[in-house]
$ cat run_27.cif   # mmCIF, C-alpha atoms
data_upload
#
loop_
_atom_site.label_atom_id
_atom_site.label_comp_id
_atom_site.auth_asym_id
_atom_site.auth_seq_id
_atom_site.Cartn_x
_atom_site.Cartn_y
_atom_site.Cartn_z
CA MET A 1 0.00 0.00 0.00
CA THR A 2 1.34 3.45 -0.90
CA PRO A 3 1.75 5.46 2.27
CA LEU A 4 -0.56 8.43 2.74
CA ARG A 5 1.12 11.75 2.04
CA PHE A 6 0.63 13.49 5.37
CA ALA A 7 1.30 17.08 6.43
CA THR A 8 0.79 19.35 9.42
CA VAL A 9 0.73 23.13 9.17
CA TRP A 10 1.21 25.80 11.84
CA LEU A 11 -0.55 29.13 11.20
CA ALA A 12 -1.50 31.64 13.93
CA GLY A 13 -1.55 29.37 16.98
CA CYS A 14 0.63 28.64 19.98
CA SER A 15 1.79 25.21 18.64
CA GLY A 16 -0.11 23.58 21.50
CA CYS A 17 -2.08 21.47 19.01
CA HIS A 18 1.21 20.20 17.61
CA MET A 19 2.42 19.47 21.17
CA SER A 20 -0.79 17.50 21.70
CA PHE A 21 -0.09 15.70 18.41
CA LEU A 22 3.32 14.72 19.79
CA ASP A 23 1.50 13.39 22.87
CA LEU A 24 0.25 10.59 20.62
CA ASP A 25 3.33 8.81 21.95
CA GLU A 26 3.54 5.20 20.70
CA PHE A 27 0.80 5.81 18.12
CA LEU A 28 3.35 8.03 16.36
CA PHE A 29 5.30 4.86 15.45
CA GLU A 30 2.18 3.34 13.92
CA LEU A 31 1.51 6.60 12.12
CA ALA A 32 5.08 6.76 10.83
CA GLU A 33 4.66 3.32 9.26
CA ARG A 34 1.46 4.29 7.47
CA VAL A 35 2.22 7.81 6.26
CA GLU A 36 4.94 9.71 4.53
CA VAL A 37 5.36 13.04 6.32
CA VAL A 38 5.83 15.51 3.48
CA TYR A 39 5.56 18.79 5.41
CA SER A 40 5.39 19.55 9.14
CA PRO A 41 7.01 21.93 11.62
CA VAL A 42 7.55 19.02 14.02
CA ALA A 43 8.36 16.12 11.69
CA SER A 44 9.89 17.42 8.48
CA ASP A 45 12.49 19.88 7.21
CA ALA A 46 10.59 20.67 4.01
CA LYS A 47 10.33 24.43 3.53
CA HIS A 48 7.74 24.41 0.76
CA TYR A 49 4.29 22.88 0.90
CA PRO A 50 4.37 20.06 -1.69
CA GLU A 51 1.85 18.97 -4.30
CA GLY A 52 -0.39 15.95 -3.87
CA VAL A 53 -0.91 15.88 -0.10
CA ASP A 54 -3.55 13.37 1.01
CA LEU A 55 -4.21 14.62 4.52
CA VAL A 56 -3.21 17.78 6.37
CA LEU A 57 -3.85 19.01 9.91
CA VAL A 58 -3.88 22.80 9.98
CA GLU A 59 -3.31 24.41 13.37
CA GLY A 60 -3.99 28.10 13.92
CA ALA A 61 -6.09 30.95 12.63
CA VAL A 62 -5.34 32.99 9.53
CA ALA A 63 -3.81 36.21 10.87
CA ASN A 64 -1.24 37.48 8.36
CA ALA A 65 -0.34 37.48 4.67
CA ASP A 66 1.91 34.39 5.03
CA ASN A 67 -0.85 32.43 6.81
CA LEU A 68 -3.26 33.38 4.02
CA ALA A 69 -0.91 32.39 1.19
CA LEU A 70 -0.07 29.06 2.86
CA ALA A 71 -3.74 28.30 3.58
CA LEU A 72 -4.62 28.83 -0.09
CA GLN A 73 -1.72 26.62 -1.16
CA VAL A 74 -2.76 23.95 1.34
CA ARG A 75 -6.27 23.83 -0.09
CA GLU A 76 -5.06 23.68 -3.66
CA ARG A 77 -2.57 20.88 -3.00
CA SER A 78 -4.39 18.68 -0.46
CA ARG A 79 -7.22 16.20 -0.61
CA TRP A 80 -8.41 16.43 2.99
CA VAL A 81 -7.91 19.56 5.07
CA VAL A 82 -8.56 19.23 8.81
CA SER A 83 -9.17 22.41 10.81
CA PHE A 84 -7.04 21.38 13.76
CA GLY A 85 -7.85 22.91 17.15
CA ASP A 86 -9.81 25.92 18.38
CA CYS A 87 -7.66 28.61 16.72
CA ALA A 88 -8.23 27.09 13.28
CA VAL A 89 -11.89 26.39 14.07
CA THR A 90 -12.90 29.65 15.82
CA ALA A 91 -9.87 32.03 15.61
CA ASN A 92 -9.81 31.67 19.44
CA VAL A 93 -7.10 33.70 21.22
CA PRO A 94 -5.41 35.11 18.08
CA GLY A 95 -8.88 36.36 17.04
CA MET A 96 -9.21 38.48 20.18
CA ARG A 97 -7.27 41.24 18.45
CA ASN A 98 -10.31 41.65 16.19
CA LEU A 99 -11.80 43.61 19.10
CA LEU A 100 -9.34 46.39 18.19
CA GLU A 101 -10.77 46.47 14.66
CA GLY A 102 -7.89 46.43 12.20
CA ALA A 103 -4.19 45.72 11.85
CA GLU A 104 -3.01 49.29 12.40
CA PRO A 105 -4.76 49.77 15.79
CA VAL A 106 -3.32 46.40 16.90
CA LEU A 107 0.24 47.38 15.99
CA ARG A 108 -0.25 50.82 17.55
CA ARG A 109 -1.52 49.23 20.76
CA GLY A 110 1.33 46.73 20.96
CA TYR A 111 4.29 48.78 19.76
CA VAL A 112 3.40 52.38 20.63
CA GLU A 113 0.79 52.71 23.38
CA LEU A 114 2.23 49.92 25.55
CA ALA A 115 5.89 50.74 24.90
CA ASP A 116 7.83 52.02 27.91
CA HIS A 117 9.61 54.61 25.78
CA GLY A 118 10.53 55.22 22.15
CA GLY A 119 7.84 52.97 20.74
CA GLN A 120 7.46 52.84 16.97
CA LEU A 121 5.41 50.90 14.44
CA PRO A 122 7.38 48.00 12.93
CA HIS A 123 8.12 48.44 9.26
CA ALA A 124 9.99 45.66 7.43
CA PRO A 125 8.31 45.02 4.08
CA GLY A 126 9.15 41.62 2.61
CA ILE A 127 10.62 40.38 5.89
CA VAL A 128 7.84 40.42 8.48
CA PRO A 129 4.47 39.33 7.03
CA GLU A 130 1.77 42.01 7.06
CA LEU A 131 -1.06 41.47 9.53
CA LEU A 132 -4.52 40.98 8.03
CA ASP A 133 -7.13 43.44 9.26
CA ARG A 134 -9.14 40.58 10.68
CA VAL A 135 -8.03 37.22 12.07
CA LEU A 136 -10.16 34.49 10.48
CA PRO A 137 -11.03 30.88 11.25
CA LEU A 138 -9.61 28.60 8.53
CA HIS A 139 -13.02 27.76 7.03
CA GLU A 140 -13.67 31.45 6.33
CA VAL A 141 -10.64 31.38 4.01
CA ILE A 142 -10.74 27.92 2.39
CA PRO A 143 -13.22 25.01 2.36
CA VAL A 144 -12.45 22.61 5.21
CA ASP A 145 -13.25 18.87 5.24
CA LEU A 146 -13.20 18.20 8.99
CA TRP A 147 -13.24 20.32 12.14
CA LEU A 148 -11.38 18.98 15.15
CA PRO A 149 -11.99 21.44 18.01
CA GLY A 150 -10.21 21.66 21.35
CA CYS A 151 -7.61 23.90 22.95
CA PRO A 152 -5.73 21.75 22.32
CA PRO A 153 -7.56 18.66 21.06
CA SER A 154 -6.36 15.85 23.33
CA ALA A 155 -4.06 13.18 21.92
CA GLU A 156 -6.92 10.67 22.24
CA ARG A 157 -9.22 12.95 20.25
CA ILE A 158 -6.57 13.38 17.54
CA LYS A 159 -6.04 9.62 17.38
CA GLU A 160 -9.78 8.89 17.17
CA ALA A 161 -10.01 11.29 14.22
CA LEU A 162 -6.82 10.05 12.52
CA VAL A 163 -7.65 6.33 12.58
CA PRO A 164 -10.64 6.58 10.19
CA LEU A 165 -8.84 9.23 8.09
CA LEU A 166 -5.92 6.85 7.59
CA ALA A 167 -8.42 4.21 6.48
CA GLY A 168 -9.76 6.64 3.89
CA GLU A 169 -12.92 7.68 5.71
CA LEU A 170 -14.02 11.12 6.87
CA PRO A 171 -15.25 10.53 10.44
CA ARG A 172 -18.38 12.07 11.86
CA LEU A 173 -17.33 13.59 15.18
CA GLU A 174 -19.87 13.40 17.97
CA GLY A 175 -20.04 13.68 21.73
CA SER A 176 -17.98 15.40 24.38
CA ALA A 177 -14.90 13.26 23.82
CA MET A 178 -14.59 14.43 20.21
CA LEU A 179 -16.29 17.82 19.89
CA ARG A 180 -15.94 20.00 22.96
CA PHE A 181 -14.40 23.47 22.52
CA GLY A 182 -11.82 24.68 25.03
CA MET B 1 -53.78 15.39 41.17
CA SER B 2 -55.01 14.32 37.76
CA VAL B 3 -52.75 12.77 35.17
CA LEU B 4 -52.78 13.44 31.44
CA THR B 5 -51.33 11.47 28.58
CA LEU B 6 -49.59 12.76 25.50
CA GLN B 7 -47.25 11.46 22.84
CA VAL B 8 -43.60 12.51 22.58
CA ASP B 9 -41.66 11.24 19.58
CA GLY B 10 -44.17 8.41 19.27
CA LEU B 11 -43.92 7.40 22.92
CA PRO B 12 -46.95 7.61 25.20
CA VAL B 13 -46.11 9.70 28.28
CA ALA B 14 -48.16 10.28 31.42
CA VAL B 15 -47.48 13.43 33.44
CA PRO B 16 -49.26 15.29 36.24
CA GLU B 17 -51.63 18.01 35.05
CA GLY B 18 -49.83 21.36 34.86
CA SER B 19 -46.55 19.83 33.71
CA THR B 20 -44.59 21.54 30.97
CA LEU B 21 -43.59 19.87 27.71
CA LEU B 22 -40.02 19.93 28.97
CA GLU B 23 -41.09 17.81 31.94
CA ALA B 24 -43.03 15.51 29.63
CA CYS B 25 -39.92 15.08 27.47
CA ARG B 26 -37.87 14.25 30.54
CA ALA B 27 -40.49 11.67 31.52
CA ALA B 28 -39.88 10.12 28.09
CA ALA B 29 -36.10 10.17 28.75
CA ILE B 30 -35.61 12.82 26.06
CA THR B 31 -32.99 15.44 26.93
CA LEU B 32 -33.71 18.69 25.12
CA PRO B 33 -30.91 21.25 25.03
CA VAL B 34 -31.63 24.19 27.35
CA LEU B 35 -29.72 27.29 28.42
CA CYS B 36 -32.21 29.70 29.99
CA HIS B 37 -34.21 27.02 31.77
CA LEU B 38 -33.10 26.07 35.26
CA ASP B 39 -35.06 23.88 37.65
CA GLY B 40 -36.32 26.04 40.50
CA LEU B 41 -36.64 29.23 38.43
CA SER B 42 -39.63 30.45 36.42
CA PRO B 43 -39.51 29.75 32.65
CA VAL B 44 -38.80 32.59 30.20
CA ALA B 45 -38.26 30.79 26.86
CA ALA B 46 -35.38 33.13 26.06
CA CYS B 47 -32.81 30.77 24.50
CA ARG B 48 -35.16 28.96 22.06
CA LEU B 49 -33.12 25.78 22.25
CA CYS B 50 -36.00 23.64 23.57
CA LEU B 51 -38.34 24.42 20.66
CA VAL B 52 -40.51 21.44 19.71
CA GLU B 53 -43.15 20.66 17.10
CA VAL B 54 -46.69 20.26 18.39
CA GLU B 55 -49.21 18.81 15.98
CA GLY B 56 -51.90 21.35 15.16
CA SER B 57 -49.71 24.31 16.06
CA GLY B 58 -48.55 26.42 13.15
CA ARG B 59 -45.34 27.44 14.90
CA LEU B 60 -42.65 25.82 17.00
CA LEU B 61 -43.22 26.02 20.77
CA PRO B 62 -40.67 26.33 23.60
CA ALA B 63 -41.05 23.13 25.66
CA CYS B 64 -40.01 24.91 28.88
CA ALA B 65 -42.90 27.37 28.75
CA THR B 66 -45.65 25.28 27.13
CA THR B 67 -48.11 23.42 29.34
CA ALA B 68 -48.77 19.82 28.35
CA SER B 69 -52.34 18.94 27.49
CA GLU B 70 -54.27 15.71 26.98
CA GLY B 71 -53.62 14.01 23.66
CA MET B 72 -50.88 16.38 22.48
CA VAL B 73 -48.58 14.98 19.81
CA VAL B 74 -45.06 16.36 20.25
CA ARG B 75 -41.99 15.88 18.08
CA THR B 76 -38.53 16.83 19.31
CA GLU B 77 -36.23 15.33 16.66
CA THR B 78 -37.06 16.59 13.18
CA ASP B 79 -34.48 17.78 10.64
CA GLN B 80 -35.85 21.31 10.95
CA LEU B 81 -35.54 21.34 14.76
CA ARG B 82 -32.03 19.91 14.65
CA GLU B 83 -30.98 22.56 12.15
CA TYR B 84 -32.60 25.41 14.14
CA ARG B 85 -30.99 24.26 17.38
CA ARG B 86 -27.55 24.06 15.89
CA MET B 87 -28.04 27.44 14.21
CA ALA B 88 -29.17 28.98 17.52
CA VAL B 89 -26.08 27.66 19.33
CA GLU B 90 -23.77 28.90 16.57
CA LEU B 91 -25.39 32.33 16.83
CA PHE B 92 -24.78 32.38 20.59
CA PHE B 93 -21.07 31.80 19.95
CA ALA B 94 -20.93 34.29 17.07
CA GLU B 95 -22.72 37.16 18.82
CA GLY B 96 -20.60 37.33 21.98
CA ASN B 97 -16.89 37.02 22.72
CA HIS B 98 -16.60 33.44 23.88
CA VAL B 99 -12.98 32.35 24.13
CA CYS B 100 -13.14 28.97 25.85
CA ALA B 101 -9.36 28.56 26.10
CA PHE B 102 -8.89 30.80 29.12
CA CYS B 103 -12.47 31.21 30.34
CA VAL B 104 -13.15 30.74 34.02
CA ALA B 105 -15.98 28.33 33.13
CA ASN B 106 -14.03 26.21 30.63
CA GLY B 107 -15.11 22.63 31.26
CA SER B 108 -18.20 23.51 33.31
CA CYS B 109 -19.91 25.76 30.76
CA GLU B 110 -23.41 24.97 29.56
CA LEU B 111 -22.79 26.78 26.26
CA GLN B 112 -19.96 24.30 25.61
CA ASP B 113 -22.32 21.50 26.67
CA VAL B 114 -25.09 22.44 24.24
CA ALA B 115 -22.55 22.89 21.43
CA VAL B 116 -21.60 19.24 21.95
CA GLN B 117 -25.25 18.24 22.26
CA VAL B 118 -26.28 19.80 18.95
CA GLY B 119 -23.12 18.59 17.19
CA MET B 120 -21.61 22.01 16.56
CA ASP B 121 -18.04 21.54 15.25
CA HIS B 122 -17.71 25.14 13.97
CA SER B 123 -19.76 28.30 13.48
CA ARG B 124 -21.07 28.96 10.00
CA PHE B 125 -21.69 32.56 11.06
CA PRO B 126 -18.85 35.07 11.26
CA TYR B 127 -17.95 36.14 14.80
CA GLN B 128 -19.19 39.61 15.62
CA TYR B 129 -16.58 40.71 18.21
CA PRO B 130 -18.94 43.16 19.95
CA GLN B 131 -17.45 45.81 22.27
CA ARG B 132 -18.64 44.85 25.75
CA PRO B 133 -17.40 45.89 29.21
CA VAL B 134 -16.45 43.96 32.34
CA ASP B 135 -17.91 45.09 35.68
CA ALA B 136 -15.36 44.25 38.40
CA SER B 137 -16.68 46.76 40.94
CA HIS B 138 -18.07 44.16 43.35
CA PRO B 139 -15.55 43.07 46.01
CA LEU B 140 -16.21 39.33 45.54
CA PHE B 141 -17.59 38.79 42.03
CA SER B 142 -17.25 40.07 38.47
CA LEU B 143 -19.58 40.29 35.49
CA ASP B 144 -17.94 39.83 32.08
CA HIS B 145 -20.54 40.93 29.53
CA ASN B 146 -18.45 39.36 26.75
CA ARG B 147 -19.57 35.93 27.94
CA CYS B 148 -23.21 36.78 28.71
CA ILE B 149 -25.87 35.02 26.63
CA LEU B 150 -28.80 36.89 28.22
CA CYS B 151 -30.46 33.78 29.65
CA THR B 152 -31.63 35.96 32.61
CA ARG B 153 -31.07 33.20 35.16
CA CYS B 154 -29.24 35.75 37.35
CA VAL B 155 -32.18 38.14 37.09
CA ARG B 156 -34.63 35.41 38.09
CA VAL B 157 -32.64 33.78 40.88
CA CYS B 158 -32.00 37.15 42.52
CA ASP B 159 -35.66 38.12 42.26
CA GLU B 160 -37.36 34.79 42.90
CA ILE B 161 -35.06 33.03 45.36
CA GLU B 162 -32.92 35.69 47.05
CA GLY B 163 -35.64 38.37 46.87
CA ALA B 164 -33.19 41.20 46.22
CA HIS B 165 -33.82 41.87 42.51
CA VAL B 166 -30.40 43.38 41.90
CA TRP B 167 -30.36 42.35 38.23
CA ASP B 168 -32.44 43.41 35.28
CA VAL B 169 -32.27 43.69 31.50
CA ALA B 170 -31.72 46.95 29.60
CA SER B 171 -31.84 47.96 25.92
CA ARG B 172 -32.82 45.80 22.97
CA GLY B 173 -31.36 43.79 20.12
CA ALA B 174 -27.57 43.70 19.92
CA HIS B 175 -27.39 46.34 22.69
CA CYS B 176 -29.42 44.26 25.14
CA HIS B 177 -27.47 43.68 28.36
CA ILE B 178 -27.78 42.80 32.03
CA ILE B 179 -27.72 45.73 34.47
CA ALA B 180 -27.20 45.90 38.23
CA GLY B 181 -29.48 48.13 40.33
CA LEU B 182 -30.47 51.25 38.42
CA ASP B 183 -27.79 50.60 35.78
CA GLN B 184 -25.03 51.17 38.34
CA PRO B 185 -21.68 49.50 38.90
CA TRP B 186 -22.51 46.23 40.71
CA GLY B 187 -20.36 47.14 43.71
CA GLU B 188 -22.45 50.27 44.33
CA VAL B 189 -25.79 48.46 44.45
CA GLU B 190 -26.84 48.44 48.12
CA THR B 191 -29.57 45.83 47.66
CA CYS B 192 -27.00 43.16 46.67
CA THR B 193 -26.57 40.77 49.60
CA SER B 194 -23.41 39.22 48.06
CA CYS B 195 -25.09 35.80 48.32
CA GLY B 196 -23.52 34.65 45.05
CA LYS B 197 -26.61 32.83 43.74
CA CYS B 198 -26.33 34.65 40.39
CA VAL B 199 -22.77 33.35 40.05
CA GLU B 200 -23.88 29.80 40.84
CA VAL B 201 -26.66 29.70 38.22
CA CYS B 202 -24.87 31.48 35.36
CA PRO B 203 -24.53 28.94 32.52
CA THR B 204 -21.27 30.45 31.22
CA GLY B 205 -18.34 32.34 32.71
CA ALA B 206 -20.14 35.71 32.59
CA LEU B 207 -20.58 35.79 36.37
CA PHE B 208 -17.69 34.48 38.42
CA ARG B 209 -15.84 34.69 41.70
CA LYS B 210 -12.81 36.95 41.57
CA ASP B 211 -10.48 34.33 43.02
CA ASP B 212 -11.30 31.86 40.24
CA THR B 213 -9.10 31.81 37.12
CA SER B 214 -9.18 29.68 33.93
CA ALA B 215 -11.37 26.59 34.27
CA GLU B 216 -11.70 27.10 38.03
CA LYS B 217 -15.42 27.84 38.15
CA HIS B 218 -17.38 24.88 39.51
CA PRO B 219 -20.88 26.24 40.00
CA HIS B 220 -23.81 24.77 41.94
CA ARG B 221 -26.60 25.13 39.44
CA GLU B 222 -28.79 22.76 41.47
CA TRP B 223 -29.20 25.26 44.31
CA PRO B 224 -32.40 27.04 43.17
CA ALA B 225 -34.32 23.76 42.85
CA ALA B 226 -33.00 22.57 46.23
CA LEU B 227 -33.86 25.86 47.94
CA ARG B 228 -37.35 25.86 46.46
CA LEU B 229 -37.88 22.27 47.63
CA ALA B 230 -36.71 23.22 51.11
CA ARG B 231 -39.03 26.21 51.31
CA GLU B 232 -42.10 24.70 49.75
CA GLN B 233 -41.89 21.07 50.83
CA HIS B 234 -39.53 21.32 53.80
CA GLN B 235 -37.10 18.81 52.31
CA TRP B 236 -33.43 19.70 52.61
CA ARG B 237 -31.36 18.07 49.88
CA ILE B 238 -28.26 20.21 49.67
CA PRO B 239 -25.28 18.02 50.45
#
$ encode --input "run_27.cif" --output "structure tokens"
Amino acid sequence: MTPLRFATVWLAGCSGCHMSFLDLDEFLFELAERVEVVYSPVASDAKHYPEGVDLVLVEGAVANADNLALALQVRERSRWVVSFGDCAVTANVPGMRNLLEGAEPVLRRGYVELADHGGQLPHAPGIVPELLDRVLPLHEVIPVDLWLPGCPPSAERIKEALVPLLAGELPRLEGSAMLRFG
Amino acid sequence: MSVLTLQVDGLPVAVPEGSTLLEACRAAAITLPVLCHLDGLSPVAACRLCLVEVEGSGRLLPACATTASEGMVVRTETDQLREYRRMAVELFFAEGNHVCAFCVANGSCELQDVAVQVGMDHSRFPYQYPQRPVDASHPLFSLDHNRCILCTRCVRVCDEIEGAHVWDVASRGAHCHIIAGLDQPWGEVETCTSCGKCVEVCPTGALFRKDDTSAEKHPHREWPAALRLAREQHQWRIP
């Protein structure tokens, strides 16, 4: 059997979902036998998102221009996109800056108003990705095939979702063990 | 006490006269999602999660505030009801600022519970991010309007059980919010006895004790029913 081409992506999130993924412990060995990891901040050195990905877990909200570009690439090049964790599903903590209504007020708040002295707006075009005016859940940017909520989703929850996905089935997530936010 | 019979999802159910449809559903072991309803408090039908179909009625009826009658035919699990319930829960999440990750009620929140119950894995509605304040003027408790779903349990428990009527509801639509006293900072309201019943019945983390942080709220939502039982039937069932 050809191994599944598997990827994980880290957008605007704390990497906690990836830490929870690593908590899969011995299941990671089983996973490693059944998939080829083609892109992942925790399991691959690939710098570019490849073509022909079968399954991808996307952690994090879409908060800046790099997140947006990668999300679009992910959708174009992947069969199944999983919105992985509360930040991807709801925008969660990264989305709280939406209360300040726009990228400029957010930067002003962080770099000028709260600076002890000599605060200034960061300006590094082409180096630091521009913030989007609004932080978005992944499904508001690209179509998503499965939502796996949780902050983070527990290792058990990730495993329960992965097992059917590896067998080629999109699971239907139900009940507190699989669906609960937070 | 006379008994009447009705049908819920095809099951015959017998309940005492005067029972609500919610009680009839419970008698049939059907758990409807509820947020504003709380045993021991009067019904207000504010959250619309317990809507059911009643044969012969042209509109959906809230089970918590509809009295059962002889021969009624009730349906609780139609595609339309399932869709409306899920939509209502998604709208609750979208209209406030509910960030479960660090909320004081994370893990013991009834909004989280109903999201699971209706199978909500994401919101199809964009989040509104309304500008809402936090009232931390009371020495023991705080009110975070960002997490308030306007169930009015606090209003009712304070009025009906504590008898202080500190809380009320002001404004309409998206501006609707809970107020203390005559729209004063909570800490300045002299009628508040600091009993904490409002904190105990709040379904979310909107009302909380100041010394509780993330996921530390463990409320006693059974208190109103127990207090009412104690007062009216002289049975004391608070552990």
$ closest_atom_pairs --input "run_27.cif" --of "chain B" --to "chain A" --cutoff "12 Å" --atoms "all atoms listed in the file" --output "Markdown table"
| residue | atom | partner | partner_atom | distance |
| --- | --- | --- | --- | --- |
| B:Glu90 | CA | A:Thr90 | CA | 10.9 |
| B:Phe93 | CA | A:Thr90 | CA | 9.4 |
| B:Ala94 | CA | A:Thr90 | CA | 9.4 |
| B:Gly96 | CA | A:Leu99 | CA | 11.2 |
| B:Asn97 | CA | A:Met96 | CA | 8.2 |
| B:His98 | CA | A:Asn92 | CA | 8.3 |
| B:Val99 | CA | A:Asn92 | CA | 5.7 |
| B:Cys100 | CA | A:Gly182 | CA | 4.6 |
| B:Ala101 | CA | A:Gly182 | CA | 4.7 |
| B:Phe102 | CA | A:Gly182 | CA | 7.9 |
| B:Cys103 | CA | A:Gly182 | CA | 8.4 |
| B:Val104 | CA | A:Gly182 | CA | 10.9 |
| B:Ala105 | CA | A:Gly182 | CA | 9.8 |
| B:Asn106 | CA | A:Gly182 | CA | 6.2 |
| B:Gly107 | CA | A:Gly182 | CA | 7.3 |
| B:Ser108 | CA | A:Gly182 | CA | 10.5 |
| B:Cys109 | CA | A:Gly182 | CA | 10.0 |
| B:Glu110 | CA | A:Arg180 | CA | 11.1 |
| B:Leu111 | CA | A:Phe181 | CA | 9.8 |
| B:Gln112 | CA | A:Phe181 | CA | 6.4 |
| B:Asp113 | CA | A:Arg180 | CA | 7.5 |
| B:Val114 | CA | A:Arg180 | CA | 9.6 |
| B:Ala115 | CA | A:Arg180 | CA | 7.4 |
| B:Val116 | CA | A:Gly175 | CA | 5.8 |
| B:Gln117 | CA | A:Gly175 | CA | 6.9 |
| B:Val118 | CA | A:Glu174 | CA | 9.1 |
| B:Gly119 | CA | A:Glu174 | CA | 6.2 |
| B:Met120 | CA | A:Leu179 | CA | 7.5 |
| B:Asp121 | CA | A:Trp147 | CA | 5.8 |
| B:His122 | CA | A:Val89 | CA | 6.0 |
| B:Ser123 | CA | A:Thr90 | CA | 7.4 |
| B:Arg124 | CA | A:Glu140 | CA | 8.6 |
| B:Phe125 | CA | A:Glu140 | CA | 9.4 |
| B:Pro126 | CA | A:Glu140 | CA | 8.0 |
| B:Tyr127 | CA | A:Thr90 | CA | 8.3 |
| B:Gln128 | CA | A:Leu99 | CA | 9.1 |
| B:Tyr129 | CA | A:Leu99 | CA | 5.7 |
| B:Pro130 | CA | A:Leu99 | CA | 7.2 |
| B:Gln131 | CA | A:Leu99 | CA | 6.8 |
| B:Arg132 | CA | A:Leu99 | CA | 9.6 |
| B:Pro133 | CA | A:Leu99 | CA | 11.8 |
| B:Asn146 | CA | A:Leu99 | CA | 11.0 |
| B:Ser214 | CA | A:Gly182 | CA | 10.5 |
| B:Ala215 | CA | A:Gly182 | CA | 9.4 |
$ write_last_selection --input "run_27.cif" --atoms "C-alpha atoms" --output "tab-separated table (two decimals), keeping the file's coordinate frame"
chain	number	residue	atom	x	y	z
B	90	GLU	CA	-23.77	28.90	16.57
B	93	PHE	CA	-21.07	31.80	19.95
B	94	ALA	CA	-20.93	34.29	17.07
B	96	GLY	CA	-20.60	37.33	21.98
B	97	ASN	CA	-16.89	37.02	22.72
B	98	HIS	CA	-16.60	33.44	23.88
B	99	VAL	CA	-12.98	32.35	24.13
B	100	CYS	CA	-13.14	28.97	25.85
B	101	ALA	CA	-9.36	28.56	26.10
B	102	PHE	CA	-8.89	30.80	29.12
B	103	CYS	CA	-12.47	31.21	30.34
B	104	VAL	CA	-13.15	30.74	34.02
B	105	ALA	CA	-15.98	28.33	33.13
B	106	ASN	CA	-14.03	26.21	30.63
B	107	GLY	CA	-15.11	22.63	31.26
B	108	SER	CA	-18.20	23.51	33.31
B	109	CYS	CA	-19.91	25.76	30.76
B	110	GLU	CA	-23.41	24.97	29.56
B	111	LEU	CA	-22.79	26.78	26.26
B	112	GLN	CA	-19.96	24.30	25.61
B	113	ASP	CA	-22.32	21.50	26.67
B	114	VAL	CA	-25.09	22.44	24.24
B	115	ALA	CA	-22.55	22.89	21.43
B	116	VAL	CA	-21.60	19.24	21.95
B	117	GLN	CA	-25.25	18.24	22.26
B	118	VAL	CA	-26.28	19.80	18.95
B	119	GLY	CA	-23.12	18.59	17.19
B	120	MET	CA	-21.61	22.01	16.56
B	121	ASP	CA	-18.04	21.54	15.25
B	122	HIS	CA	-17.71	25.14	13.97
B	123	SER	CA	-19.76	28.30	13.48
B	124	ARG	CA	-21.07	28.96	10.00
B	125	PHE	CA	-21.69	32.56	11.06
B	126	PRO	CA	-18.85	35.07	11.26
B	127	TYR	CA	-17.95	36.14	14.80
B	128	GLN	CA	-19.19	39.61	15.62
B	129	TYR	CA	-16.58	40.71	18.21
B	130	PRO	CA	-18.94	43.16	19.95
B	131	GLN	CA	-17.45	45.81	22.27
B	132	ARG	CA	-18.64	44.85	25.75
B	133	PRO	CA	-17.40	45.89	29.21
B	146	ASN	CA	-18.45	39.36	26.75
B	214	SER	CA	-9.18	29.68	33.93
B	215	ALA	CA	-11.37	26.59	34.27
$ residues_near_point --input "run_27.cif" --point "(-40.8, 25.8, 30.3)" --cutoff "7 Å" --atoms "all atoms listed in the file" --output "MDAnalysis selection string"
chainID B and resid 20 22 37 43 45 62:66
$ atom_distance --input "run_27.cif" --atom1 "atom CA of A:Arg109" --atom2 "atom CA of B:Glu95"
24.5 Å
$ closest_residue --input "run_27.cif" --among "B:Ser142, B:Ile30, B:Arg172, B:Tyr84" --to "B:Thr213" --atoms "all atoms listed in the file"
B:Ser142
$ residues_near_point --input "run_27.cif" --point "(-10.6, 24.1, 3.7)" --cutoff "6 Å" --atoms "only C-alpha atoms" --output "list in words"
Arg75, Val81, His139, Ile142, Pro143 and Val144 of chain A
$ resolve_selection --input "run_27.cif" --expression "the PyMOL selection byres ((chain B and resi 18) around 12)" --output "list in words"
Met1, Ser2, Val3, Leu4, Thr5, Ala14, Val15, Pro16, Glu17, Ser19, Thr20, Leu21, Leu22, Glu23, Ala24, Ala65, Thr66, Thr67, Ala68, Ser69 and Glu70 of chain B
$ write_last_selection --input "run_27.cif" --atoms "C-alpha atoms" --output "CSV table (one decimal), in the coordinates of the input"
chain,number,residue,atom,x,y,z
B,1,MET,CA,-53.8,15.4,41.2
B,2,SER,CA,-55.0,14.3,37.8
B,3,VAL,CA,-52.8,12.8,35.2
B,4,LEU,CA,-52.8,13.4,31.4
B,5,THR,CA,-51.3,11.5,28.6
B,14,ALA,CA,-48.2,10.3,31.4
B,15,VAL,CA,-47.5,13.4,33.4
B,16,PRO,CA,-49.3,15.3,36.2
B,17,GLU,CA,-51.6,18.0,35.0
B,19,SER,CA,-46.6,19.8,33.7
B,20,THR,CA,-44.6,21.5,31.0
B,21,LEU,CA,-43.6,19.9,27.7
B,22,LEU,CA,-40.0,19.9,29.0
B,23,GLU,CA,-41.1,17.8,31.9
B,24,ALA,CA,-43.0,15.5,29.6
B,65,ALA,CA,-42.9,27.4,28.8
B,66,THR,CA,-45.6,25.3,27.1
B,67,THR,CA,-48.1,23.4,29.3
B,68,ALA,CA,-48.8,19.8,28.4
B,69,SER,CA,-52.3,18.9,27.5
B,70,GLU,CA,-54.3,15.7,27.0
$ resolve_selection --input "run_27.cif" --expression "the PyMOL selection byres ((chain B and resi 42) around 12)" --output "JSON, numbers by chain"
{"B": [20, 36, 37, 38, 39, 40, 41, 43, 44, 45, 46, 64, 65, 151, 152, 153, 154, 155, 156, 157, 158, 159, 160, 161, 224, 225, 228]}
